[in-house]
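To be precise, the following lines are upload21.txt, and they hold compact mmCIF, C-alpha atoms (C1' of nucleotides).
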# COMPACT_ATOMS: atom_id res chain seq x y z
CA MET A 53 53.92 26.03 89.74
CA GLY A 54 55.70 25.76 93.11
CA ASP A 55 55.36 28.90 95.18
CA SER A 56 53.27 30.86 92.72
CA TYR A 57 50.66 31.32 95.44
CA GLY A 58 52.97 31.73 98.43
CA SER A 59 51.38 33.50 101.35
CA GLU A 60 53.25 36.76 100.98
CA SER A 61 51.91 37.39 97.48
CA LEU A 62 48.31 36.88 98.55
CA LEU A 63 47.93 40.30 100.03
CA PHE A 64 47.33 41.42 96.45
CA LEU A 65 45.04 38.93 94.78
CA THR A 66 44.84 39.19 91.03
CA ASP A 67 41.78 38.04 89.11
CA GLU A 68 44.03 35.37 87.68
CA GLN A 69 44.83 33.96 91.10
CA ILE A 70 41.17 34.01 92.06
CA ARG A 71 40.24 32.27 88.83
CA GLN A 72 42.75 29.53 89.55
CA GLY A 73 41.06 28.94 92.89
CA ILE A 74 37.65 28.68 91.24
CA GLU A 75 38.94 26.17 88.70
CA ALA A 76 40.67 24.18 91.43
CA VAL A 77 37.34 23.72 93.23
CA TYR A 78 35.74 22.63 89.96
CA PHE A 79 38.43 20.06 89.19
CA ALA A 80 38.54 18.85 92.79
CA TYR A 81 34.79 18.30 92.80
CA ARG A 82 35.07 16.34 89.58
CA GLY A 83 37.93 14.29 90.96
CA LEU A 84 35.91 13.51 94.04
CA THR A 85 32.84 12.33 92.12
CA SER A 86 34.43 10.47 89.22
CA GLU A 87 35.14 7.19 91.02
CA PRO A 88 31.74 6.96 92.78
CA ASP A 89 30.08 7.83 89.46
CA ARG A 90 31.83 4.90 87.83
CA ILE A 91 30.69 2.53 90.59
CA LEU A 92 27.12 3.82 90.51
CA ALA A 93 26.88 3.58 86.73
CA THR A 94 27.27 -0.20 86.99
CA MET A 95 24.06 -0.43 89.02
CA ALA A 96 21.69 2.00 87.29
CA TYR A 97 22.24 4.67 89.93
CA GLY A 98 23.55 8.20 89.59
CA ARG A 99 25.02 11.00 91.63
CA ALA A 100 21.64 11.87 93.11
CA HIS A 101 21.44 8.40 94.66
CA HIS A 102 24.90 8.88 96.09
CA ARG A 103 23.98 12.18 97.70
CA ALA A 104 20.87 10.71 99.28
CA ILE A 105 22.76 7.69 100.60
CA HIS A 106 25.56 9.90 101.89
CA PHE A 107 23.37 12.19 103.95
CA ILE A 108 21.11 9.43 105.25
CA ASN A 109 24.20 7.63 106.47
CA ARG A 110 25.51 10.84 108.00
CA ALA A 111 22.30 11.57 109.89
CA PRO A 112 20.29 8.35 110.32
CA GLY A 113 16.61 8.94 110.99
CA THR A 114 16.55 12.21 109.08
CA THR A 115 13.23 13.23 107.57
CA VAL A 116 12.45 13.78 103.91
CA THR A 117 12.00 17.51 104.41
CA ASN A 118 15.32 17.78 106.18
CA LEU A 119 17.00 15.97 103.29
CA LEU A 120 15.28 18.27 100.80
CA GLU A 121 16.78 21.29 102.53
CA ILE A 122 20.27 19.84 102.64
CA LEU A 123 20.25 18.75 99.00
CA GLY A 124 18.43 21.81 97.71
CA VAL A 125 16.20 19.95 95.27
CA THR A 126 12.45 19.57 94.89
CA LYS A 127 10.62 16.80 96.67
CA GLN A 128 9.53 15.33 93.34
CA SER A 129 13.13 14.95 92.30
CA LEU A 130 14.22 13.48 95.62
CA ASN A 131 11.18 11.24 95.81
CA ARG A 132 12.02 9.55 92.55
CA VAL A 133 15.49 8.72 93.83
CA LEU A 134 14.30 7.67 97.28
CA ARG A 135 11.64 5.40 95.82
CA THR A 136 14.16 3.37 93.85
CA LEU A 137 16.48 3.14 96.85
CA ILE A 138 13.63 1.91 99.06
CA GLU A 139 12.41 -0.54 96.40
CA ASP A 140 15.91 -1.90 96.02
CA GLY A 141 16.21 -2.37 99.76
CA LEU A 142 19.02 0.12 100.36
CA VAL A 143 16.97 2.59 102.37
CA GLU A 144 14.30 1.98 104.97
CA SER A 145 11.52 4.51 105.54
CA ARG A 146 9.91 4.32 108.96
CA VAL A 147 6.83 6.29 109.93
CA GLY A 148 7.73 8.89 112.54
CA LYS A 149 7.00 8.07 116.18
CA VAL A 150 6.02 11.52 117.41
CA ASP A 151 4.68 12.79 114.11
CA LYS A 152 3.33 10.04 111.91
CA ARG A 153 3.39 12.25 108.82
CA GLU A 154 7.15 12.26 108.88
CA ARG A 155 9.26 9.44 107.50
CA ASN A 156 12.54 8.69 109.18
CA LEU A 157 15.12 7.41 106.74
CA PHE A 158 17.74 4.78 107.50
CA LEU A 159 20.22 2.79 105.48
CA THR A 160 19.75 -0.97 105.46
CA GLU A 161 22.73 -3.29 105.66
CA THR A 162 22.95 -3.32 101.88
CA GLY A 163 22.69 0.45 101.81
CA THR A 164 25.43 0.84 104.39
CA ALA A 165 27.65 -1.47 102.36
CA LEU A 166 27.22 0.63 99.22
CA GLU A 167 27.80 3.84 101.15
CA ALA A 168 31.04 2.45 102.52
CA ARG A 169 32.17 1.43 99.05
CA LEU A 170 31.45 4.86 97.61
CA SER A 171 32.94 6.90 100.42
CA ASP A 172 35.99 4.66 100.58
CA ALA A 173 36.85 5.76 97.07
CA GLN A 174 36.49 9.38 98.07
CA ARG A 175 38.30 9.08 101.37
CA THR A 176 41.24 7.41 99.70
CA ARG A 177 41.64 10.35 97.36
CA MET A 178 41.07 12.84 100.14
CA ARG A 179 43.59 11.20 102.42
CA ALA A 180 46.17 11.16 99.64
CA ALA A 181 45.67 14.87 99.04
CA TYR A 182 45.91 15.63 102.75
CA ARG A 183 49.07 13.59 102.94
CA ASP A 184 50.62 15.26 99.89
CA ALA A 185 49.92 18.62 101.42
CA GLY A 186 50.33 18.81 105.18
CA PRO A 187 48.51 19.53 108.42
CA GLU A 188 48.84 23.30 108.11
CA ASP A 189 47.55 23.22 104.55
CA VAL A 190 44.59 21.06 105.55
CA ALA A 191 43.56 23.52 108.25
CA GLY A 192 43.68 26.35 105.73
CA PHE A 193 41.82 24.27 103.17
CA ARG A 194 38.97 23.70 105.59
CA ARG A 195 38.76 27.30 106.71
CA VAL A 196 38.56 28.67 103.18
CA LEU A 197 35.94 26.11 102.14
CA GLU A 198 33.75 26.87 105.12
CA ALA A 199 33.98 30.55 104.34
CA MET A 200 32.84 29.74 100.79
CA MET A 201 29.57 28.09 101.78
CA ASP A 202 26.84 30.66 101.82
CA THR A 203 25.01 31.46 105.02
CA GLU A 204 22.05 29.28 104.25
CA MET A 205 24.17 26.28 103.44
CA ARG A 206 26.20 26.68 106.58
CA ARG A 207 23.00 26.73 108.60
CA ARG A 208 21.93 23.44 107.06
CA TYR A 209 25.37 22.02 107.42
CA THR A 210 25.79 22.81 111.10
CA GLY A 211 22.13 22.12 111.83
CA LEU A 212 22.65 18.62 110.54
CA ARG A 213 25.34 17.94 113.09
CA GLU A 214 22.85 18.49 115.91
CA THR A 215 20.38 16.05 114.33
CA ASN A 216 23.01 13.39 114.72
CA SER A 217 21.78 12.09 118.08
CA MET B 51 33.33 24.37 115.11
CA GLY B 52 36.28 26.67 115.85
CA ASP B 53 39.49 24.70 116.16
CA SER B 54 38.00 21.27 115.56
CA TYR B 55 40.46 20.84 112.70
CA GLY B 56 43.47 22.58 114.18
CA SER B 57 46.76 21.52 112.72
CA GLU B 58 47.99 19.51 115.69
CA SER B 59 45.05 17.11 115.56
CA LEU B 60 45.55 16.35 111.87
CA LEU B 61 48.30 13.88 112.41
CA PHE B 62 45.51 11.44 113.18
CA LEU B 63 42.76 11.92 110.62
CA THR B 64 39.49 10.27 111.49
CA ASP B 65 37.02 9.19 108.83
CA GLU B 66 34.75 11.86 110.27
CA GLN B 67 37.28 14.60 109.58
CA ILE B 68 37.85 13.32 106.07
CA ARG B 69 34.10 13.20 105.45
CA GLN B 70 33.77 16.79 106.55
CA GLY B 71 36.37 17.75 103.96
CA ILE B 72 34.48 15.91 101.23
CA GLU B 73 31.23 17.62 102.15
CA ALA B 74 32.97 20.97 102.28
CA VAL B 75 34.08 20.56 98.67
CA TYR B 76 30.54 19.63 97.67
CA PHE B 77 28.99 22.63 99.39
CA ALA B 78 31.69 24.98 98.15
CA TYR B 79 31.14 23.81 94.57
CA ARG B 80 27.44 24.42 94.96
CA GLY B 81 28.05 27.83 96.45
CA LEU B 82 30.28 28.69 93.52
CA THR B 83 27.78 27.66 90.86
CA SER B 84 24.51 28.86 92.40
CA GLU B 85 24.79 32.52 91.38
CA PRO B 86 25.95 31.84 87.79
CA ASP B 87 23.20 29.23 87.50
CA ARG B 88 20.64 31.84 88.43
CA ILE B 89 21.97 34.28 85.84
CA LEU B 90 22.15 31.62 83.12
CA ALA B 91 18.63 30.37 83.84
CA THR B 92 17.26 33.75 82.76
CA MET B 93 18.69 33.26 79.26
CA ALA B 94 17.99 29.61 78.45
CA TYR B 95 21.55 28.57 79.23
CA GLY B 96 22.88 26.10 81.76
CA ARG B 97 26.04 25.13 83.53
CA ALA B 98 27.43 23.47 80.43
CA HIS B 99 27.33 26.79 78.58
CA HIS B 100 29.12 28.41 81.48
CA ARG B 101 31.91 25.85 81.41
CA ALA B 102 32.41 26.29 77.67
CA ILE B 103 32.46 30.09 77.94
CA HIS B 104 34.83 29.95 80.88
CA PHE B 105 37.46 27.84 79.19
CA ILE B 106 37.22 29.59 75.83
CA ASN B 107 37.82 32.86 77.65
CA ARG B 108 40.69 31.32 79.57
CA ALA B 109 42.41 29.99 76.44
CA PRO B 110 41.22 31.95 73.40
CA GLY B 111 41.71 30.12 70.12
CA THR B 112 41.45 26.71 71.73
CA THR B 113 40.24 23.90 69.51
CA VAL B 114 37.15 21.75 69.95
CA THR B 115 39.21 18.66 70.76
CA ASN B 116 41.16 20.55 73.40
CA LEU B 117 37.93 21.71 75.00
CA LEU B 118 36.56 18.17 74.92
CA GLU B 119 39.55 16.96 76.90
CA ILE B 120 39.33 19.72 79.47
CA LEU B 121 35.61 19.30 80.04
CA GLY B 122 35.63 15.52 79.82
CA VAL B 123 32.43 15.21 77.80
CA THR B 124 31.57 13.76 74.41
CA LYS B 125 31.74 15.86 71.28
CA GLN B 126 28.00 15.43 70.74
CA SER B 127 27.32 16.92 74.12
CA LEU B 128 29.73 19.81 73.66
CA ASN B 129 28.61 20.42 70.10
CA ARG B 130 25.03 20.99 71.19
CA VAL B 131 26.16 23.67 73.62
CA LEU B 132 28.70 25.20 71.26
CA ARG B 133 26.18 25.43 68.42
CA THR B 134 23.75 27.51 70.46
CA LEU B 135 26.55 29.78 71.66
CA ILE B 136 27.73 30.35 68.08
CA GLU B 137 24.18 30.90 66.80
CA ASP B 138 23.56 33.42 69.57
CA GLY B 139 26.74 35.26 68.69
CA LEU B 140 28.62 34.63 71.93
CA VAL B 141 31.30 32.44 70.43
CA GLU B 142 33.13 32.70 67.13
CA SER B 143 34.49 29.62 65.38
CA ARG B 144 37.33 30.31 62.95
CA VAL B 145 38.82 27.71 60.63
CA GLY B 146 42.38 26.88 61.71
CA LYS B 147 45.24 28.54 59.89
CA VAL B 148 47.80 25.77 59.95
CA ASP B 149 45.33 22.89 60.08
CA LYS B 150 42.08 23.73 58.35
CA ARG B 151 40.29 20.82 60.00
CA GLU B 152 40.54 22.54 63.34
CA ARG B 153 38.22 25.27 64.57
CA ASN B 154 39.66 27.93 66.83
CA LEU B 155 37.15 29.21 69.33
CA PHE B 156 36.91 32.80 70.56
CA LEU B 157 34.46 34.80 72.62
CA THR B 158 32.78 37.70 70.87
CA GLU B 159 32.22 40.99 72.67
CA THR B 160 28.85 39.75 73.87
CA GLY B 161 30.40 36.49 74.98
CA THR B 162 33.13 38.29 76.88
CA ALA B 163 30.50 40.42 78.58
CA LEU B 164 28.56 37.39 79.78
CA GLU B 165 31.75 35.68 80.92
CA ALA B 166 32.64 38.73 82.97
CA ARG B 167 29.22 38.83 84.54
CA LEU B 168 29.35 35.17 85.50
CA SER B 169 32.87 35.14 86.82
CA ASP B 170 32.32 38.38 88.70
CA ALA B 171 29.74 36.60 90.79
CA GLN B 172 32.17 33.79 91.50
CA ARG B 173 35.16 36.02 92.15
CA THR B 174 33.19 38.10 94.62
CA ARG B 175 32.40 35.01 96.65
CA MET B 176 35.92 33.68 96.32
CA ARG B 177 37.47 36.94 97.40
CA ALA B 178 35.17 37.11 100.40
CA ALA B 179 36.18 33.61 101.43
CA TYR B 180 39.86 34.41 100.98
CA ARG B 181 39.41 37.53 103.05
CA ASP B 182 37.50 35.72 105.81
CA ALA B 183 40.27 33.16 106.00
CA GLY B 184 43.74 34.56 105.47
CA PRO B 185 46.87 34.34 103.30
CA GLU B 186 48.20 31.24 105.07
CA ASP B 187 44.87 29.48 104.75
CA VAL B 188 44.61 30.36 101.07
CA ALA B 189 48.01 28.85 100.36
CA GLY B 190 46.98 25.64 102.12
CA PHE B 191 43.64 25.65 100.33
CA ARG B 192 45.34 25.77 96.95
CA ARG B 193 47.90 23.11 97.79
CA VAL B 194 45.30 20.61 98.97
CA LEU B 195 43.07 21.21 95.96
CA GLU B 196 45.91 20.73 93.50
CA ALA B 197 46.79 17.48 95.22
CA MET B 198 43.16 16.40 94.81
CA MET B 199 43.03 16.72 91.04
CA ASP B 200 43.93 13.44 89.50
CA THR B 201 46.96 13.10 87.31
CA GLU B 202 45.05 13.27 84.08
CA MET B 203 43.22 16.41 85.10
CA ARG B 204 46.40 18.11 86.20
CA ARG B 205 47.91 17.33 82.83
CA ARG B 206 45.01 19.03 81.08
CA TYR B 207 45.04 21.85 83.57
CA THR B 208 48.70 22.70 83.25
CA GLY B 209 48.73 21.92 79.54
CA LEU B 210 46.09 24.59 79.10
CA ARG B 211 48.33 27.24 80.61
CA GLU B 212 50.87 26.72 77.86
CA THR B 213 48.18 27.12 75.20
CA ASN B 214 47.57 30.59 76.56
CA SER B 215 50.01 32.36 74.25
C1' DA C 23 45.43 6.60 46.70
C1' DC C 24 44.43 5.68 51.43
C1' DA C 25 44.15 5.87 56.36
C1' DA C 26 43.71 8.75 60.12
C1' DT C 27 42.21 13.07 62.27
C1' DA C 28 39.03 16.93 63.44
C1' DT C 29 34.64 18.24 63.27
C1' DG C 30 29.67 18.29 62.78
C1' DT C 31 25.18 16.15 62.91
C1' DC C 32 21.17 12.93 63.44
C1' DA C 33 18.61 9.79 66.27
C1' DG C 34 17.66 7.83 70.56
C1' DC C 35 18.10 7.17 75.42
C1' DG C 36 18.84 7.95 80.73
C1' DT C 37 19.41 10.75 84.85
C1' DT C 38 18.10 14.46 87.26
C1' DG C 39 16.51 18.77 87.72
C1' DT C 40 12.06 21.81 87.11
C1' DT C 41 6.46 23.27 87.58
C1' DG C 42 1.94 22.39 88.45
C1' DA C 43 -1.71 19.81 90.32
C1' DC C 44 -3.78 16.74 93.42
C1' DA C 45 -4.55 13.46 97.36
C1' DC C 46 -3.78 11.80 101.86
C1' DT C 47 -2.48 11.92 106.78
C1' DC C 48 -2.02 14.21 110.75
C1' DC C 49 -1.59 18.08 114.05
C1' DA C 50 -3.30 22.12 116.19
C1' DA C 51 -6.22 26.12 116.68
C1' DG C 52 -10.69 27.84 116.82
C1' DC D 279 -15.51 18.90 115.75
C1' DT D 280 -14.25 21.37 111.93
C1' DT D 281 -10.92 23.59 109.42
C1' DG D 282 -6.37 25.15 107.98
C1' DG D 283 -1.90 23.99 107.18
C1' DA D 284 2.24 21.13 107.25
C1' DG D 285 4.49 16.81 105.71
C1' DT D 286 4.44 13.48 102.38
C1' DG D 287 3.68 10.95 98.07
C1' DT D 288 2.48 10.79 93.21
C1' DC D 289 1.21 11.88 88.32
C1' DA D 290 2.26 14.38 84.09
C1' DA D 291 5.03 17.12 81.26
C1' DC D 292 9.16 19.28 80.23
C1' DA D 293 14.25 20.85 79.83
C1' DA D 294 19.27 20.42 80.36
C1' DC D 295 22.87 17.67 79.53
C1' DG D 296 25.22 13.59 79.91
C1' DC D 297 25.71 9.04 76.90
C1' DT D 298 26.24 5.60 72.52
C1' DG D 299 26.14 4.64 67.76
C1' DA D 300 26.35 5.85 63.13
C1' DC D 301 27.50 8.59 59.36
C1' DA D 302 29.20 12.69 56.49
C1' DT D 303 32.78 16.00 55.26
C1' DA D 304 37.09 18.16 54.92
C1' DT D 305 41.79 17.89 55.56
C1' DT D 306 46.21 15.97 56.47
C1' DG D 307 50.05 12.92 56.30
C1' DT D 308 52.02 8.63 54.59

Give the structure from the file, written as structure tokens.
Amino acid sequence: MGDSYGSESLLFLTDEQIRQGIEAVYFAYRGLTSEPDRILATMAYGRAHHRAIHFINRAPGTTVTNLLEILGVTKQSLNRVLRTLIEDGLVESRVGKVDKRERNLFLTETGTALEARLSDAQRTRMRAAYRDAGPEDVAGFRRVLEAMMDTEMRRRYTGLRETNS
Amino acid sequence: MGDSYGSESLLFLTDEQIRQGIEAVYFAYRGLTSEPDRILATMAYGRAHHRAIHFINRAPGTTVTNLLEILGVTKQSLNRVLRTLIEDGLVESRVGKVDKRERNLFLTETGTALEARLSDAQRTRMRAAYRDAGPEDVAGFRRVLEAMMDTEMRRRYTGLRETNS
DNA sequence: ACAATATGTCAGCGTTGTTGACACTCCAAG
DNA sequence: CTTGGAGTGTCAACAACGCTGACATATTGT
């Protein structure tokens, strides 16, 4: 493939080139989830559990509603996953201090350990890809991906960073 | 965010920076599938149907086994999807010429129309992202993503291109 | 003839998404 | 203080789409 998508040719983007980009995201997503999926399958968990664990770890103390918005699922669906994680002692749900209706979610030690195991697998792959490419490519990679997230998602995404206090 | 991932800082990649890349892929994948999902939901189809249609369009005449390898699912799972697509007249299954055990898959006119509608939605978003970034960024984007696909996937991916004759 | 391949199909199961309905707690406005 | 609404949890039912296992059929190659 080599320089088939060199920068000079990108002024005129064919549908074929665009399609290759779409497929690349699809395969990359699959590559990023395959290892965690294998780990989770050995303990009766799935990708939904991974997502919950990931974002609780990322923003400890987040509320259920906040998590619902980030994940874009219904509360019934999330609740089922959260319940098993709490029962299994991976997630702790504390009643909110200011608003007692809210539940602040935290990973327990066990939960943190699983999170680390799952994200290690992903980071290893990610680091390898970053290394195989190069710093310039990584910067471009990030800029295109951020441009791809729709407005609503970017709001959630950046909003989450502020929660991280 | 701005230059938080400028190229000079990437010589030292923190776990935080890597995690942001992982999340970006997740959100980008979601952004890429949300519109097609909405279209498909109106006609009793799902993402699995989209994937099948996409790769049959990409490599007309592909066999069932080939498709199984690309999609990485079981034949039972694919068969369920393929059956409905054939029944609904979106996909045509012709007995192989050289090997009569094989079935060569093609999109019908209706199937091609749906494929166009679905990929139009994705291409529009992709083009917008490419435009918001720039040629250099797009080249980096592609290089990192290709490095992310695991060896097996890249084999299938590139192998598919040759089938396209 | 026989083994292997490609495909299709049936039955059953698990995860994870959906709607709809309902209950409870708590906050805030009237 | 009462009432409305937000945040949360839960039950039931359902659909999409993965999976395994088993079996049938046609075809191919040895």

* To do: Write out as a VMD selection string every residue belonging to chain B that has an atom at most 9 Å from any atom of chain C, counting all atoms listed in the file.
  => chain B and resid 114 to 115 125 to 126 129 151 to 153

Expected file contents, prior selection, C-alpha atoms, as a PDB file, keeping the file's coordinate frame:
ATOM      1  CA  VAL B 114      37.150  21.750  69.950  1.00  0.00           C
ATOM      2  CA  THR B 115      39.210  18.660  70.760  1.00  0.00           C
ATOM      3  CA  LYS B 125      31.740  15.860  71.280  1.00  0.00           C
ATOM      4  CA  GLN B 126      28.000  15.430  70.740  1.00  0.00           C
ATOM      5  CA  ASN B 129      28.610  20.420  70.100  1.00  0.00           C
ATOM      6  CA  ARG B 151      40.290  20.820  60.000  1.00  0.00           C
ATOM      7  CA  GLU B 152      40.540  22.540  63.340  1.00  0.00           C
ATOM      8  CA  ARG B 153      38.220  25.270  64.570  1.00  0.00           C
TER       9      ARG B 153
END

* Would you be able to write out as a ChimeraX atom specification which residues have an atom within 10 Å of (17.7, -4.9, 97.4) in the file's coordinates, counting only C-alpha atoms (C1' of nucleotides)? => /A:136-143,160-163

Please superimpose chain B upon chain A, fitting all C-alpha atoms matched one to one in order, and report the result as a CSV table (one decimal) with C-alpha atoms, in the coordinates of the input.
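The new file out03.csv reads:
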chain,number,residue,atom,x,y,z
B,51,MET,CA,53.7,26.1,89.6
B,52,GLY,CA,55.6,25.8,92.9
B,53,ASP,CA,55.3,28.9,95.0
B,54,SER,CA,53.1,30.9,92.6
B,55,TYR,CA,50.6,31.3,95.4
B,56,GLY,CA,52.9,31.7,98.3
B,57,SER,CA,51.5,33.5,101.3
B,58,GLU,CA,53.4,36.7,100.9
B,59,SER,CA,51.9,37.4,97.4
B,60,LEU,CA,48.3,36.9,98.6
B,61,LEU,CA,48.0,40.3,100.0
B,62,PHE,CA,47.4,41.4,96.4
B,63,LEU,CA,45.1,38.9,94.8
B,64,THR,CA,44.8,39.2,91.0
B,65,ASP,CA,41.8,38.0,89.1
B,66,GLU,CA,44.0,35.4,87.7
B,67,GLN,CA,44.8,33.9,91.1
B,68,ILE,CA,41.2,34.0,92.1
B,69,ARG,CA,40.2,32.2,88.8
B,70,GLN,CA,42.7,29.5,89.5
B,71,GLY,CA,41.1,28.9,92.9
B,72,ILE,CA,37.6,28.7,91.3
B,73,GLU,CA,38.9,26.2,88.7
B,74,ALA,CA,40.7,24.2,91.4
B,75,VAL,CA,37.3,23.7,93.2
B,76,TYR,CA,35.7,22.6,90.0
B,77,PHE,CA,38.4,20.1,89.2
B,78,ALA,CA,38.6,18.8,92.8
B,79,TYR,CA,34.8,18.3,92.8
B,80,ARG,CA,35.1,16.3,89.6
B,81,GLY,CA,38.0,14.3,91.0
B,82,LEU,CA,35.9,13.5,94.1
B,83,THR,CA,32.9,12.3,92.2
B,84,SER,CA,34.5,10.5,89.3
B,85,GLU,CA,35.2,7.2,91.1
B,86,PRO,CA,31.8,7.0,92.8
B,87,ASP,CA,30.1,7.8,89.5
B,88,ARG,CA,31.9,4.9,87.9
B,89,ILE,CA,30.7,2.5,90.6
B,90,LEU,CA,27.2,3.8,90.5
B,91,ALA,CA,27.0,3.6,86.8
B,92,THR,CA,27.3,-0.2,87.0
B,93,MET,CA,24.1,-0.4,89.0
B,94,ALA,CA,21.7,2.0,87.3
B,95,TYR,CA,22.3,4.7,89.9
B,96,GLY,CA,23.6,8.2,89.6
B,97,ARG,CA,25.1,11.0,91.6
B,98,ALA,CA,21.7,11.9,93.1
B,99,HIS,CA,21.4,8.4,94.6
B,100,HIS,CA,24.9,8.9,96.1
B,101,ARG,CA,24.0,12.2,97.7
B,102,ALA,CA,20.9,10.7,99.3
B,103,ILE,CA,22.8,7.7,100.6
B,104,HIS,CA,25.5,9.9,101.9
B,105,PHE,CA,23.3,12.2,103.9
B,106,ILE,CA,21.1,9.4,105.2
B,107,ASN,CA,24.2,7.7,106.5
B,108,ARG,CA,25.5,10.9,108.0
B,109,ALA,CA,22.2,11.6,109.9
B,110,PRO,CA,20.3,8.4,110.3
B,111,GLY,CA,16.6,8.9,110.9
B,112,THR,CA,16.5,12.2,109.1
B,113,THR,CA,13.2,13.2,107.5
B,114,VAL,CA,12.4,13.8,103.9
B,115,THR,CA,11.9,17.5,104.4
B,116,ASN,CA,15.3,17.8,106.2
B,117,LEU,CA,17.0,16.0,103.3
B,118,LEU,CA,15.2,18.3,100.8
B,119,GLU,CA,16.7,21.3,102.5
B,120,ILE,CA,20.2,19.8,102.6
B,121,LEU,CA,20.2,18.8,99.0
B,122,GLY,CA,18.4,21.8,97.7
B,123,VAL,CA,16.2,19.9,95.3
B,124,THR,CA,12.4,19.6,94.9
B,125,LYS,CA,10.5,16.8,96.6
B,126,GLN,CA,9.5,15.3,93.2
B,127,SER,CA,13.2,15.0,92.3
B,128,LEU,CA,14.2,13.5,95.6
B,129,ASN,CA,11.2,11.2,95.7
B,130,ARG,CA,12.1,9.6,92.4
B,131,VAL,CA,15.5,8.7,93.8
B,132,LEU,CA,14.3,7.7,97.2
B,133,ARG,CA,11.6,5.4,95.8
B,134,THR,CA,14.2,3.4,93.8
B,135,LEU,CA,16.5,3.2,96.8
B,136,ILE,CA,13.6,1.9,99.0
B,137,GLU,CA,12.4,-0.5,96.4
B,138,ASP,CA,15.9,-1.9,96.0
B,139,GLY,CA,16.2,-2.4,99.7
B,140,LEU,CA,19.0,0.1,100.3
B,141,VAL,CA,16.9,2.6,102.3
B,142,GLU,CA,14.3,2.0,104.9
B,143,SER,CA,11.5,4.5,105.5
B,144,ARG,CA,9.8,4.3,108.9
B,145,VAL,CA,6.8,6.2,110.0
B,146,GLY,CA,7.7,8.9,112.6
B,147,LYS,CA,7.0,8.1,116.2
B,148,VAL,CA,6.1,11.5,117.5
B,149,ASP,CA,4.7,12.9,114.2
B,150,LYS,CA,3.3,10.1,112.0
B,151,ARG,CA,3.3,12.3,109.0
B,152,GLU,CA,7.1,12.2,108.9
B,153,ARG,CA,9.2,9.4,107.5
B,154,ASN,CA,12.5,8.6,109.2
B,155,LEU,CA,15.1,7.4,106.7
B,156,PHE,CA,17.7,4.8,107.5
B,157,LEU,CA,20.2,2.8,105.5
B,158,THR,CA,19.8,-1.0,105.4
B,159,GLU,CA,22.7,-3.3,105.7
B,160,THR,CA,23.0,-3.3,101.9
B,161,GLY,CA,22.7,0.5,101.8
B,162,THR,CA,25.4,0.8,104.4
B,163,ALA,CA,27.6,-1.4,102.4
B,164,LEU,CA,27.2,0.6,99.2
B,165,GLU,CA,27.8,3.9,101.2
B,166,ALA,CA,31.0,2.5,102.5
B,167,ARG,CA,32.2,1.5,99.1
B,168,LEU,CA,31.5,4.9,97.7
B,169,SER,CA,32.9,6.9,100.5
B,170,ASP,CA,36.0,4.7,100.6
B,171,ALA,CA,36.9,5.8,97.1
B,172,GLN,CA,36.5,9.4,98.1
B,173,ARG,CA,38.3,9.1,101.4
B,174,THR,CA,41.3,7.4,99.8
B,175,ARG,CA,41.7,10.3,97.4
B,176,MET,CA,41.1,12.8,100.2
B,177,ARG,CA,43.6,11.2,102.5
B,178,ALA,CA,46.2,11.1,99.7
B,179,ALA,CA,45.7,14.8,99.1
B,180,TYR,CA,45.9,15.6,102.8
B,181,ARG,CA,49.1,13.6,102.9
B,182,ASP,CA,50.6,15.2,99.9
B,183,ALA,CA,49.9,18.6,101.4
B,184,GLY,CA,50.4,18.8,105.1
B,185,PRO,CA,48.6,19.5,108.4
B,186,GLU,CA,48.9,23.3,108.0
B,187,ASP,CA,47.6,23.2,104.5
B,188,VAL,CA,44.7,21.1,105.6
B,189,ALA,CA,43.7,23.5,108.2
B,190,GLY,CA,43.8,26.4,105.7
B,191,PHE,CA,41.9,24.3,103.2
B,192,ARG,CA,39.0,23.7,105.6
B,193,ARG,CA,38.9,27.3,106.8
B,194,VAL,CA,38.6,28.7,103.2
B,195,LEU,CA,36.0,26.1,102.2
B,196,GLU,CA,33.8,26.9,105.2
B,197,ALA,CA,34.0,30.6,104.4
B,198,MET,CA,32.9,29.7,100.9
B,199,MET,CA,29.6,28.0,101.9
B,200,ASP,CA,26.9,30.6,101.9
B,201,THR,CA,25.0,31.4,105.1
B,202,GLU,CA,22.0,29.3,104.3
B,203,MET,CA,24.2,26.3,103.5
B,204,ARG,CA,26.2,26.6,106.6
B,205,ARG,CA,22.9,26.7,108.6
B,206,ARG,CA,21.9,23.4,107.1
B,207,TYR,CA,25.3,22.0,107.4
B,208,THR,CA,25.7,22.8,111.1
B,209,GLY,CA,22.1,22.1,111.8
B,210,LEU,CA,22.6,18.6,110.5
B,211,ARG,CA,25.3,17.9,113.1
B,212,GLU,CA,22.8,18.5,115.9
B,213,THR,CA,20.4,16.0,114.3
B,214,ASN,CA,23.0,13.4,114.7
B,215,SER,CA,22.0,12.1,118.1

* **Distance-based interface of chain B with chain D, 8 Å, counting only C-alpha atoms (C1' of nucleotides), as a PyMOL selection string** => chain B and resi 96+98+123-124+127+149-151

* Asked: Can you tell me how far CA of Leu157 in chain A sits from CA of Ala111 in chain A, in Å to one decimal?
  ->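 Taking CA of Leu157 in chain A and CA of Ala111 in chain A, their separation equals 8.9 Å.
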
* To do: Could you check how far CA of Leu164 in chain B sits from CA of Glu85 in chain B, in Å to one decimal?
  =>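 So the answer is 13.1 Å.
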
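Pairwise distance (CA of Asn156 in chain A, CA of Pro112 in chain A) equals 7.8 Å.
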